[in-house]
Every structure is written in C-alpha cells, then in structure tokens.
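Visitor: If it helps, the file is called data.txt and holds compact mmCIF, C-alpha atoms and all ligand atoms:
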# COMPACT_ATOMS: atom_id res chain seq x y z
CA MET A 43 17.08 -0.85 7.45
CA VAL A 44 13.32 -1.32 7.34
CA ALA A 45 11.18 -2.45 4.39
CA VAL A 46 7.45 -1.73 4.55
CA LEU A 47 4.85 -3.22 2.19
CA ALA A 48 2.04 -0.73 1.74
CA GLY A 49 -1.08 0.42 -0.03
CA GLY A 50 -1.99 4.08 0.18
CA THR A 51 -3.45 4.82 3.60
CA GLY A 52 -2.82 2.48 6.58
CA GLY A 53 0.55 1.27 5.28
CA ALA A 54 1.47 4.78 4.20
CA LYS A 55 0.69 6.21 7.66
CA LEU A 56 2.86 3.59 9.33
CA ALA A 57 5.62 4.22 6.76
CA ALA A 58 5.45 7.91 7.75
CA GLY A 59 5.97 6.82 11.38
CA PHE A 60 9.08 4.85 10.36
CA TYR A 61 10.36 7.77 8.28
CA ASP A 62 10.11 9.97 11.34
CA LEU A 63 11.91 7.38 13.46
CA LEU A 64 14.71 6.32 11.11
CA GLY A 65 17.56 8.16 9.42
CA PRO A 66 17.64 9.17 5.74
CA GLY A 67 18.02 6.14 3.49
CA GLU A 68 17.00 3.62 6.17
CA LEU A 69 13.44 3.06 4.91
CA THR A 70 12.15 1.52 1.69
CA VAL A 71 8.43 1.26 1.05
CA ILE A 72 7.32 -1.34 -1.49
CA ALA A 73 4.00 -0.06 -2.79
CA ASN A 74 1.07 -1.63 -4.60
CA THR A 75 0.67 -0.66 -8.25
CA GLY A 76 -2.50 -2.66 -8.90
CA ASP A 77 -4.49 0.60 -8.49
CA ASP A 78 -2.56 2.38 -11.29
CA VAL A 79 -4.58 3.99 -14.05
CA GLU A 80 -3.84 5.83 -17.30
CA ILE A 81 -6.02 8.93 -17.29
CA HIS A 82 -5.75 12.70 -17.98
CA GLY A 83 -2.91 11.80 -20.41
CA VAL A 84 -0.70 10.53 -17.57
CA HIS A 85 0.18 7.36 -15.68
CA VAL A 86 -1.33 7.77 -12.20
CA SER A 87 0.12 5.52 -9.52
CA PRO A 88 -2.09 6.21 -6.49
CA ASP A 89 -0.44 4.07 -3.80
CA PRO A 90 3.22 4.94 -4.50
CA ASP A 91 2.12 8.59 -4.78
CA LEU A 92 0.14 8.56 -1.53
CA VAL A 93 3.07 6.95 0.29
CA THR A 94 5.37 9.63 -1.14
CA TYR A 95 3.00 12.45 -0.13
CA TRP A 96 2.65 10.99 3.38
CA LEU A 97 6.46 10.79 3.76
CA ALA A 98 6.86 14.32 2.40
CA GLY A 99 4.20 15.65 4.80
CA MET A 100 2.25 16.83 1.73
CA ILE A 101 -0.83 14.60 1.98
CA ASP A 102 -4.18 16.40 2.11
CA GLU A 103 -6.43 15.78 5.12
CA ARG A 104 -9.01 14.09 2.90
CA GLY A 105 -6.52 11.19 2.58
CA TRP A 106 -5.45 11.61 -1.03
CA GLY A 107 -3.87 14.33 -3.14
CA ILE A 108 -1.67 17.20 -2.07
CA ARG A 109 -2.59 19.71 0.62
CA GLY A 110 -3.41 23.12 -0.86
CA ASP A 111 -3.40 21.85 -4.45
CA THR A 112 -5.36 23.75 -7.13
CA TRP A 113 -7.87 22.18 -9.54
CA THR A 114 -7.57 24.17 -12.76
CA ALA A 115 -6.81 21.18 -15.01
CA MET A 116 -9.97 19.40 -13.86
CA GLU A 117 -12.14 22.19 -15.33
CA SER A 118 -11.42 20.81 -18.83
CA ALA A 119 -11.19 17.13 -17.90
CA GLY A 120 -14.27 16.09 -19.94
CA ASP A 121 -15.00 12.36 -19.74
CA ASP A 122 -12.09 11.84 -17.34
CA ALA A 123 -13.59 14.19 -14.73
CA TRP A 124 -14.73 11.27 -12.55
CA PHE A 125 -11.09 10.82 -11.49
CA ARG A 126 -9.95 14.04 -9.85
CA LEU A 127 -6.32 15.03 -9.83
CA GLY A 128 -4.99 18.34 -8.48
CA ASP A 129 -2.65 20.45 -10.62
CA ARG A 130 0.53 19.71 -8.63
CA ASP A 131 -0.43 16.02 -8.44
CA LEU A 132 -0.88 16.01 -12.24
CA GLU A 133 2.51 17.71 -12.67
CA LEU A 134 4.20 14.96 -10.61
CA CYS A 135 2.38 12.30 -12.65
CA ARG A 136 3.75 14.00 -15.79
CA ILE A 137 7.32 13.56 -14.49
CA ARG A 138 6.69 9.81 -14.13
CA THR A 139 4.86 9.54 -17.46
CA GLU A 140 7.53 11.34 -19.48
CA LEU A 141 10.28 9.17 -18.04
CA MET A 142 8.31 5.98 -18.69
CA ARG A 143 7.58 7.08 -22.26
CA ALA A 144 11.32 7.67 -22.67
CA GLY A 145 11.87 4.01 -21.75
CA ARG A 146 12.70 4.24 -18.06
CA ARG A 147 11.37 1.59 -15.67
CA GLN A 148 8.46 2.62 -13.46
CA THR A 149 10.69 2.31 -10.39
CA GLU A 150 13.17 4.81 -11.86
CA ALA A 151 10.35 7.10 -12.93
CA HIS A 152 8.77 7.04 -9.47
CA ALA A 153 12.17 7.76 -7.89
CA ALA A 154 12.09 11.09 -9.75
CA VAL A 155 8.71 11.84 -8.12
CA VAL A 156 10.17 10.95 -4.71
CA ASP A 157 13.11 13.30 -5.37
CA ALA A 158 10.83 16.10 -6.52
CA CYS A 159 8.97 15.79 -3.20
CA GLY A 160 12.25 15.95 -1.23
CA VAL A 161 11.78 12.52 0.34
CA ARG A 162 14.90 10.70 1.49
CA ALA A 163 13.53 7.17 1.56
CA GLY A 164 12.90 4.60 -1.14
CA VAL A 165 9.36 4.33 -2.49
CA VAL A 166 9.47 1.39 -4.84
CA PRO A 167 6.62 0.10 -7.00
CA MET A 168 6.12 -3.63 -6.38
CA SER A 169 6.89 -4.31 -10.06
CA ASP A 170 7.96 -2.52 -13.21
CA GLU A 171 5.45 -4.53 -15.21
CA PRO A 172 1.78 -3.48 -15.33
CA VAL A 173 -0.64 -5.21 -12.95
CA ARG A 174 -4.24 -3.98 -12.87
CA THR A 175 -6.64 -4.93 -10.11
CA HIS A 176 -10.23 -5.57 -11.25
CA VAL A 177 -13.24 -6.11 -9.02
CA LYS A 178 -16.26 -8.12 -10.08
CA SER A 179 -19.54 -6.58 -9.04
CA ARG A 180 -23.07 -7.42 -10.20
CA GLY A 181 -21.56 -9.77 -12.77
CA ASP A 182 -19.26 -7.15 -14.38
CA TRP A 183 -15.52 -6.72 -13.99
CA LEU A 184 -14.66 -3.12 -13.07
CA GLU A 185 -11.27 -1.45 -13.13
CA PHE A 186 -10.28 -0.88 -9.53
CA GLN A 187 -10.57 2.93 -9.60
CA ARG A 188 -14.06 2.75 -11.12
CA PHE A 189 -15.10 0.41 -8.32
CA MET A 190 -13.61 2.74 -5.67
CA ILE A 191 -14.67 6.10 -7.11
CA VAL A 192 -17.69 5.61 -9.36
CA GLU A 193 -19.21 2.84 -7.20
CA ARG A 194 -17.85 4.45 -3.99
CA ALA A 195 -16.56 0.98 -2.98
CA ALA A 196 -20.10 0.21 -1.90
CA ALA A 197 -21.15 -2.17 -4.67
CA PRO A 198 -21.24 -5.91 -3.89
CA ILE A 199 -17.88 -7.63 -4.30
CA GLU A 200 -17.99 -10.91 -6.22
CA GLY A 201 -14.36 -11.41 -7.15
CA VAL A 202 -10.92 -9.82 -7.45
CA GLU A 203 -8.32 -10.27 -10.19
CA PHE A 204 -4.81 -8.88 -10.51
CA ARG A 205 -4.57 -8.77 -14.29
CA GLY A 206 -1.07 -9.11 -15.70
CA VAL A 207 0.44 -10.36 -12.46
CA GLU A 208 1.59 -13.72 -13.89
CA ALA A 209 3.92 -11.85 -16.26
CA ALA A 210 5.18 -9.41 -13.59
CA LYS A 211 8.44 -9.62 -11.64
CA PRO A 212 9.29 -7.88 -8.39
CA ALA A 213 11.13 -4.61 -9.02
CA PRO A 214 14.86 -5.27 -8.44
CA GLU A 215 14.91 -2.42 -5.90
CA ALA A 216 12.12 -4.18 -3.96
CA LEU A 217 14.10 -7.42 -3.84
CA ALA A 218 17.22 -5.54 -2.74
CA ALA A 219 15.30 -3.79 0.06
CA ILE A 220 13.84 -7.09 1.29
CA ALA A 221 17.26 -8.75 1.30
CA ALA A 222 18.94 -5.83 3.10
CA ALA A 223 16.23 -5.24 5.71
CA ASP A 224 16.61 -5.77 9.44
CA ALA A 225 12.82 -5.78 9.74
CA ILE A 226 10.13 -6.28 7.10
CA VAL A 227 6.71 -4.90 7.95
CA ILE A 228 3.48 -5.54 6.10
CA GLY A 229 1.68 -2.30 6.85
CA PRO A 230 -1.95 -2.08 8.01
CA SER A 231 -3.29 -1.83 4.46
CA ASN A 232 -6.18 -3.73 2.90
CA PRO A 233 -4.85 -7.34 2.87
CA ILE A 234 -6.81 -8.26 -0.28
CA ILE A 235 -6.49 -5.30 -2.63
CA SER A 236 -3.45 -3.40 -1.32
CA ILE A 237 -1.10 -6.13 -0.04
CA GLY A 238 -2.66 -8.94 -2.13
CA PRO A 239 -1.24 -7.68 -5.44
CA ILE A 240 2.25 -7.23 -3.94
CA LEU A 241 2.31 -10.81 -2.60
CA ALA A 242 0.88 -12.11 -5.89
CA VAL A 243 3.87 -10.90 -7.92
CA PRO A 244 5.74 -14.12 -8.74
CA GLY A 245 8.92 -14.27 -6.67
CA MET A 246 7.76 -11.85 -3.95
CA ARG A 247 6.74 -14.52 -1.41
CA GLU A 248 9.97 -16.41 -2.07
CA ALA A 249 11.99 -13.23 -1.48
CA LEU A 250 10.22 -12.66 1.83
CA SER A 251 10.87 -16.29 2.85
CA ALA A 252 14.54 -16.03 1.98
CA ALA A 253 15.00 -12.72 3.85
CA ARG A 254 17.14 -12.77 6.97
CA ALA A 255 14.82 -10.27 8.69
CA PRO A 256 11.63 -11.20 10.51
CA VAL A 257 8.40 -10.39 8.64
CA LEU A 258 5.66 -8.76 10.74
CA ALA A 259 2.16 -7.69 9.76
CA VAL A 260 0.40 -4.81 11.47
CA SER A 261 -3.33 -5.48 11.45
CA PRO A 262 -5.51 -2.87 9.71
CA PHE A 263 -8.46 -3.94 11.88
CA VAL A 264 -8.91 -1.75 14.92
CA GLY A 265 -11.63 -2.83 17.33
CA GLY A 266 -12.55 -5.58 14.86
CA ARG A 267 -13.11 -3.38 11.83
CA ALA A 268 -11.28 -1.32 9.22
CA VAL A 269 -10.59 2.25 10.27
CA LYS A 270 -11.61 3.41 6.80
CA GLY A 271 -12.43 1.92 3.41
CA PRO A 272 -13.75 -1.44 2.23
CA SER A 273 -11.23 -3.86 3.85
CA ASP A 274 -13.97 -5.60 5.89
CA ALA A 275 -16.06 -6.38 2.80
CA PHE A 276 -13.05 -7.60 0.81
CA MET A 277 -11.97 -9.91 3.66
CA GLU A 278 -15.51 -11.30 3.98
CA GLN A 279 -15.81 -11.93 0.26
CA ALA A 280 -12.50 -13.83 0.28
CA GLY A 281 -13.63 -15.91 3.26
CA TYR A 282 -11.49 -14.33 6.01
CA GLU A 283 -12.46 -12.69 9.28
CA HIS A 284 -11.74 -8.97 9.57
CA SER A 285 -9.63 -9.51 12.65
CA ALA A 286 -6.02 -10.23 13.58
CA ALA A 287 -6.85 -13.95 13.20
CA GLY A 288 -7.98 -13.24 9.63
CA VAL A 289 -4.75 -11.33 9.02
CA ALA A 290 -2.68 -14.23 10.41
CA HIS A 291 -4.64 -16.62 8.20
CA ILE A 292 -4.30 -14.63 5.00
CA TYR A 293 -0.55 -14.06 5.56
CA ASP A 294 0.04 -17.66 6.64
CA GLY A 295 3.49 -18.77 5.48
CA VAL A 296 4.61 -15.16 5.00
CA VAL A 297 4.65 -13.58 8.47
CA ASP A 298 6.51 -14.50 11.64
CA ALA A 299 4.46 -12.27 13.90
CA ILE A 300 1.58 -9.84 14.12
CA VAL A 301 0.98 -6.46 15.74
CA CYS A 302 -2.67 -5.92 16.63
CA ASP A 303 -5.05 -4.63 19.31
CA GLU A 304 -6.38 -8.11 20.16
CA ARG A 305 -5.44 -10.83 22.66
CA PRO A 306 -2.07 -12.26 21.58
CA GLU A 307 -2.83 -15.73 22.98
CA ASP A 308 -5.67 -16.15 20.47
CA LEU A 309 -3.31 -16.03 17.48
CA PRO A 310 -1.28 -18.74 15.72
CA VAL A 311 1.89 -16.61 15.53
CA PRO A 312 3.60 -14.45 18.18
CA ALA A 313 1.73 -11.19 18.57
CA LEU A 314 2.28 -7.80 20.13
CA SER A 315 -0.96 -6.43 21.47
CA THR A 316 -1.00 -2.64 21.54
CA ASP A 317 -2.98 0.43 20.52
CA THR A 318 -2.83 0.20 16.70
CA LEU A 319 -4.79 3.36 15.91
CA MET A 320 -2.31 5.90 14.56
CA ASP A 321 -3.46 9.19 15.94
CA GLY A 322 -1.37 12.01 14.44
CA ALA A 323 2.39 12.05 13.92
CA ALA A 324 3.08 10.92 17.50
CA GLY A 325 0.76 7.92 17.10
CA ARG A 326 2.38 6.92 13.81
CA ARG A 327 5.87 7.14 15.29
CA ARG A 328 4.84 5.24 18.43
CA LEU A 329 3.41 2.32 16.45
CA ALA A 330 6.50 2.24 14.21
CA ASP A 331 8.75 2.26 17.26
CA GLU A 332 6.81 -0.51 19.04
CA THR A 333 6.76 -2.61 15.84
CA LEU A 334 10.52 -2.24 15.46
CA GLY A 335 11.12 -3.14 19.11
CA PHE A 336 8.95 -6.24 18.70
CA ALA A 337 10.82 -7.17 15.48
CA SER A 338 14.17 -6.97 17.29
CA SER A 339 12.87 -9.16 20.10
CA LEU A 340 11.92 -11.78 17.48
CA GLY A 341 15.16 -11.61 15.49
CA ALA A 342 16.81 -14.82 16.66
CA SER A 343 13.71 -17.00 16.91
CA ALA A 344 12.39 -15.75 13.56
CA SER A 345 15.60 -16.79 11.82
CA ALA A 346 14.79 -20.37 12.81
CA ARG A 347 11.29 -20.07 11.36
CA ASP A 348 9.74 -22.41 8.94
CA ARG A 349 7.67 -20.30 6.60
P1 LIG B 401 -5.91 2.60 0.23
O1 LIG B 401 -5.00 2.08 -0.85
O2 LIG B 401 -5.92 4.09 0.36
O3 LIG B 401 -7.26 1.96 0.29
O4 LIG B 401 -5.27 2.22 1.56
P2 LIG B 401 -4.72 1.00 2.37
O5 LIG B 401 -5.17 -0.31 1.87
O6 LIG B 401 -3.27 1.23 2.54
O7 LIG B 401 -5.38 1.36 3.72
C1 LIG B 401 -6.67 1.02 4.11
C2 LIG B 401 -6.56 0.36 5.45
O8 LIG B 401 -5.87 1.22 6.35
C3 LIG B 401 -7.89 0.07 6.09
O9 LIG B 401 -8.02 -1.33 6.23
C4 LIG B 401 -7.79 0.75 7.46
O10 LIG B 401 -8.31 -0.04 8.50
C5 LIG B 401 -6.29 0.92 7.63
N1 LIG B 401 -5.95 2.01 8.54
C6 LIG B 401 -6.15 3.34 8.34
N2 LIG B 401 -5.74 4.02 9.43
C7 LIG B 401 -5.25 3.11 10.31
C8 LIG B 401 -4.70 3.22 11.63
O11 LIG B 401 -4.55 4.28 12.21
N3 LIG B 401 -4.32 2.05 12.24
C9 LIG B 401 -4.47 0.82 11.62
N4 LIG B 401 -4.07 -0.26 12.29
N5 LIG B 401 -5.01 0.70 10.39
C10 LIG B 401 -5.39 1.84 9.76
Could I get this structure in the form of structure tokens?

Guide:
Amino acid sequence: MVAVLAGGTGGAKLAAGFYDLLGPGELTVIANTGDDVEIHGVHVSPDPDLVTYWLAGMIDERGWGIRGDTWTAMESAGDDAWFRLGDRDLELCRIRTELMRAGRRQTEAHAAVVDACGVRAGVVPMSDEPVRTHVKSRGDWLEFQRFMIVERAAAPIEGVEFRGVEAAKPAPEALAAIAAADAIVIGPSNPIISIGPILAVPGMREALSAARAPVLAVSPFVGGRAVKGPSDAFMEQAGYEHSAAGVAHIYDGVVDAIVCDERPEDLPVPALSTDTLMDGAAGRRRLADETLGFASSLGASASARDR
C-alpha cells in the first residue's frame, strides 16, 4: 500500500506512475484542497480532480482539464469566464457539488468523481473542512486561483495563508491510508502551496510521525529549478532554497529520506540520487518504482527514526 501526498501536477504525475506500477486498491493519493473554488455554480477542486484525471489517463496535454473536452458552457459564463472549465469537467464538478449539498462529506463526494472516471485508487481530499489558500501580492490578499490565473502566478509574492486550516481535520480516509501504508511519498509538488496546506491541517504531521511506513519526499526541483509553475518563487519568498536541500529543510521532522537529482552526500537525510524528470508514462513508472525500492531499503532504519 502506498500513500502519496500531492498537488495537481508533479505529485499527480508521480501518482500516475504508482498507479501503473501497483494493483487496484493499492494506492491512495491525499490531495491538496487549498486551491478549491466555488464558481460556475459548482465546487471546483482542482488538485483532487487533476490527480483523478491523471490516474484515469484523461488529463489534457495543457496540464489541466480533460482531453477532448468541449467548451459550450463557457460561452455563457459571464463574470466567471476568467476560470475556464470544460463541459465534462463541469459535469464531474456537478456530481461532487450535488452530493456535498445533500450533506455528504467532500471525501465521499470526490469518491463519486473517482468512480465516474473509472479509477481504482483512492483520491482523498486532505480534509472535509474548507481550507482556502490566499496569496498576498502588492499589499492585497488574493484567492489562490486569482493569483494563478488572473495574475498568471507572476505577481510578487508577499505572503501565503491557508484560511480555515485551524478548524480543519484530516479526512478520516487520509488518516487510514497513512496508517495502512508501506510507503508514504510526498510527491514533487510545490512544497509551499500544494504540500504546505496538507501538512498544515492539524493532526496531519502527527499522523505521518506515527505511521509505521517511511516518509519520503521526491524533490520537484530538477536541475535546481521547478519544471513548471511558481515553486521557485514561493520557496524564495518563504526563505528556502529551490533545491533538494530546501526540500529537506522545509520537510524537516516529516521526512526520513529524499529522492532528488542532486548529490546525496550534501543532504541531511538519506537520499536517492536519480533522474527525477518524469518523461512520459515510462518515466513516471520508473521514478515510482525507484522511489518504492528506496523506501523498502529504508524500512528498518526508518522505523527507528526520530522525527
Ligand atoms: P499544481 O497544483 O498544478 O501547481 O501542481 P504541483 O504543485 O503538484 O506541481 C508543480 C510542481 O511539479 C513544480 O514544482 C514542478 O517542478 C513539479 N514537476 C512537474 N513535473 C515534474 C517532473 O517531471 N519531475 C519532478 N521532479 N517534478 C516535476
């Protein structure tokens, strides 16, 4: 059993590698919900949805949305048009929204989306309670999606807040997956805005500490920089290097080991140095396989850890 913590791109790609490698029911992805937004009359949950689309093999090449989707609904989107959602994507969001309005937990509602996509793995929101990431830029706090889409993630970053997180609890399914896992992998997602909210949910760090499985982080920095997106700028603003050392530092007390493309002897925790760029399905599966092999080699020593 493998549990992967993920945002929507790097972590989702690695999760797809694990899905390819493992049998049905052997993977649970715990996904960030800090990027969620209520728009177009539905509850959009970008990271859990992207993970689900990656696992289903439905993800569009542009990195979000569903391949071959149509855009009819967007023609009458009015003021909401800044946030584009394909018709099939919107339909899947409606499944979640209707279940949540009927009183189901977000985790249960997302499970219906996972089912509708034919995915045989768990994709679990980090929490059933709402957490909303905000980014401060030029003195104003922006909802995360406005920062990413309207500002194209290019505006200066002056602060990050996970609003609501103090009142959130880890989803029970996330805790169960962490407890049952043989390996726990923090995927190569943005450490600040994708993994940060997950680790900020009260009780999540304690659950990872109490887990019997080793916890490994795969660095999202390839050749010293993010493959895509604003991870470098977010790390800099928070005072961390965008490197495996920065990853080790930010996950200090959480991880037993790191997978990265840098020299392992330069790091404070055991490290596997390998090619961490996931090129196509074969590249995703290879990195998942190497990460799992490294986790098994750590098993005994990690159980004696002091994190
Ligand atoms: P978002 O929610 O879509 O922004 O996605 P994530 O936070 O999950 O992913 C963004 C991160 O994925 C960036 O820091 C990228 O460097 C990382 N990433 C994307 N592709 C790869 C890859 O092939 N290998 C590694 N190691 N990281 C990757």

Visitor: Taking all atoms listed in the file into account, which of A:Glu117, A:Asp77, A:Asp331, A:Glu150 comes nearest ligand LIG 401 (chain B)?

Guide: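 For ligand LIG 401 (chain B), the nearest of the candidates is A:Asp77.
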
Visitor: Using all atoms listed in the file, which of A:Ala219, A:Ile81, A:Leu314, A:Leu56 sits nearest Arg328 (chain A)?

Guide: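 Closest candidate: A:Leu56.
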
Visitor: What gap, in Å, lies between CA of Ala223 (chain A) and CA of Ala45 (chain A)?

Guide: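 Computing the Euclidean distance for CA of Ala223 (chain A) and CA of Ala45 (chain A) yields 5.9 Å.
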
Visitor: Within 9 Å of ligand LIG 401 (chain B) (counting all atoms listed in the file), which residues show up? I'd like them as a PyMOL selection string.

Guide: chain A and resi 48-56+74+77+88-89+92-93+105-106+190+229-237+260-264+267-274+301-303+317-322+325-326+329

Visitor: What's around Val161 (chain A) at 12 Å? Count all atoms listed in the file, leave out sequence neighbours fewer than 4 positions away in its own chain, and write the answer as a list in words.

Guide: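 Counting all atoms listed in the file, the residues come to Ala58, Tyr61, Asp62, Gly65, Pro66, Gly67, Glu68, Leu69, Thr70, Val71, Asp91, Val93, Thr94, Tyr95, Trp96, Leu97, Ala98, Gly99, Met100, His152, Ala153, Ala154, Val155, Val156, Asp157 and Val165 of chain A.
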
Visitor: Rounded to one decimal place, report the CA of Leu141 (chain A)-CA of Gly110 (chain A) distance in Å.

Guide: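 Going from CA of Leu141 (chain A) over to CA of Gly110 (chain A) covers 26.0 Å.
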
Visitor: State, in Å with one decimal place, the distance from CA of Pro212 (chain A) to CA of Gly245 (chain A).

Guide: 6.6 Å

Visitor: Is it possible to produce a file of region 144-169 of chain A from this structure, with C-alpha atoms, as an mmCIF file, in the first residue's frame?

Guide:
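Written out: selection_14.cif:
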data_model
loop_
_atom_site.group_PDB
_atom_site.id
_atom_site.type_symbol
_atom_site.label_atom_id
_atom_site.label_comp_id
_atom_site.auth_asym_id
_atom_site.auth_seq_id
_atom_site.Cartn_x
_atom_site.Cartn_y
_atom_site.Cartn_z
ATOM 1 C CA ALA A 144 -27.048 16.786 0.040
ATOM 2 C CA GLY A 145 -24.823 16.664 3.133
ATOM 3 C CA ARG A 146 -22.116 14.231 2.074
ATOM 4 C CA ARG A 147 -18.513 14.866 3.105
ATOM 5 C CA GLN A 148 -16.181 16.175 0.403
ATOM 6 C CA THR A 149 -14.204 12.924 0.537
ATOM 7 C CA GLU A 150 -17.358 10.908 -0.225
ATOM 8 C CA ALA A 151 -18.362 13.351 -2.948
ATOM 9 C CA HIS A 152 -14.944 13.166 -4.593
ATOM 10 C CA ALA A 153 -15.049 9.355 -4.430
ATOM 11 C CA ALA A 154 -18.062 9.565 -6.764
ATOM 12 C CA VAL A 155 -15.940 11.594 -9.222
ATOM 13 C CA VAL A 156 -13.172 8.979 -8.978
ATOM 14 C CA ASP A 157 -15.728 6.231 -9.694
ATOM 15 C CA ALA A 158 -17.199 8.136 -12.627
ATOM 16 C CA CYS A 159 -13.688 8.311 -14.118
ATOM 17 C CA GLY A 160 -13.190 4.550 -13.645
ATOM 18 C CA VAL A 161 -10.191 4.979 -11.344
ATOM 19 C CA ARG A 162 -9.437 2.133 -8.949
ATOM 20 C CA ALA A 163 -7.349 4.043 -6.423
ATOM 21 C CA GLY A 164 -8.246 6.347 -3.567
ATOM 22 C CA VAL A 165 -8.101 10.079 -4.242
ATOM 23 C CA VAL A 166 -8.783 11.670 -0.900
ATOM 24 C CA PRO A 167 -9.080 15.388 -0.162
ATOM 25 C CA MET A 168 -6.731 16.330 2.687
ATOM 26 C CA SER A 169 -9.738 17.464 4.741
#
